[in-house]
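**Q** Dropping a structure here in structure tokens format, bear with me for questions.
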Amino acid sequence: LTDESVAPLPVIDDLDTKGFWDAAHRGAVAVRACEACGLVLHPPRGICSRCHSIRTVWRDVAPTATLISWTIVRQSVHPGFPAPYAIVVVALDDEPGVRLVGRITDTPALKVGMAMHATFEAVNEDVCLVQWLPTATSNGLPGTSR
Ligand SMILES: [Zn+2]
């Protein structure tokens with residue numbers, strides 16, 4: 001029996017992505033990388049696309065990013081995600097080739113290039129989502145990256 005008003009949850013025990021969810025659960029952002037040549041494997045996978053090694057590791061990265069794109073959703077498409085909200089795409093500061101998606105409740109002021117930071121949304125005891133919010137600068141306003 002499922003409650004359709006509840007937002008769907010990610011699969012957190014998938015062999016390819018488990019490390020990301022484990023990291024989120026302890027309040028960190030992690031990327032999967034090849035242990036042999038160091039290439040970051042994103043989306044995460046069990047074999048290196050450069051050297052074909054199957055030795056991979058999960059590596060913590062800074063929980064900061066740059067806003068690449070966003071959209072505001074004004075009409076609810078699922079009862080678990082009441083509108084309005086923003087969907088953001090960010091590029092990690094430590095690994096700019098890695099882009100992650102997040103959801104921000106409400107309609108924040110967003111600008112491409114602005115600095116973002118990860119927040120960790122514990123949905124239940126097991127599942128923690130990584131979301132992204134604008135990073136406030138010393139003047140209290142959202143800043144731009146670099
Ligand atoms: Zn490799």
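Identifiers in the structure tokens: chain A, B, ... in order shown; residue index from 1 per chain; ligand index from 1 in order shown.
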How would you report the residues lying within 7 Å of ligand 1, as a PyMOL selection string, if you count only C-alpha atoms and all ligand atoms?
**A** chain A and resi 34-39+48-53
**Q** Please provide as a PyMOL selection string all residues within 12 Å of stretch 60-69 of chain A, with the sequence filter that same-chain residues fewer than 5 positions apart are discarded (counting only C-alpha atoms).
**A** chain A and resi 19-24+26-33+40+86-102+109-120+130-135+142-146
**Q** A:Leu15, A:Val6, A:Ile72, A:Val77: which is nearest A:Ile47, counting only C-alpha atoms?
**A**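 Of A:Leu15, A:Val6, A:Ile72, A:Val77, the one nearest A:Ile47, counting only C-alpha atoms, is A:Leu15.
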**Q** Any idea what's packed within 9 Å of A:His78, counting only C-alpha atoms, ignoring anything in its chain fewer than 6 positions away? Could you give it as a count of residues only?
**A** 4
**Q** Could you pull out all residues of stretch 22-131 of chain A with a DSSP call of strand (DSSP E or B) and give them as a ChimeraX atom specification?
**A** /A:29-34,40,56-61,64-73,85-92,99-105,114-122,128-131
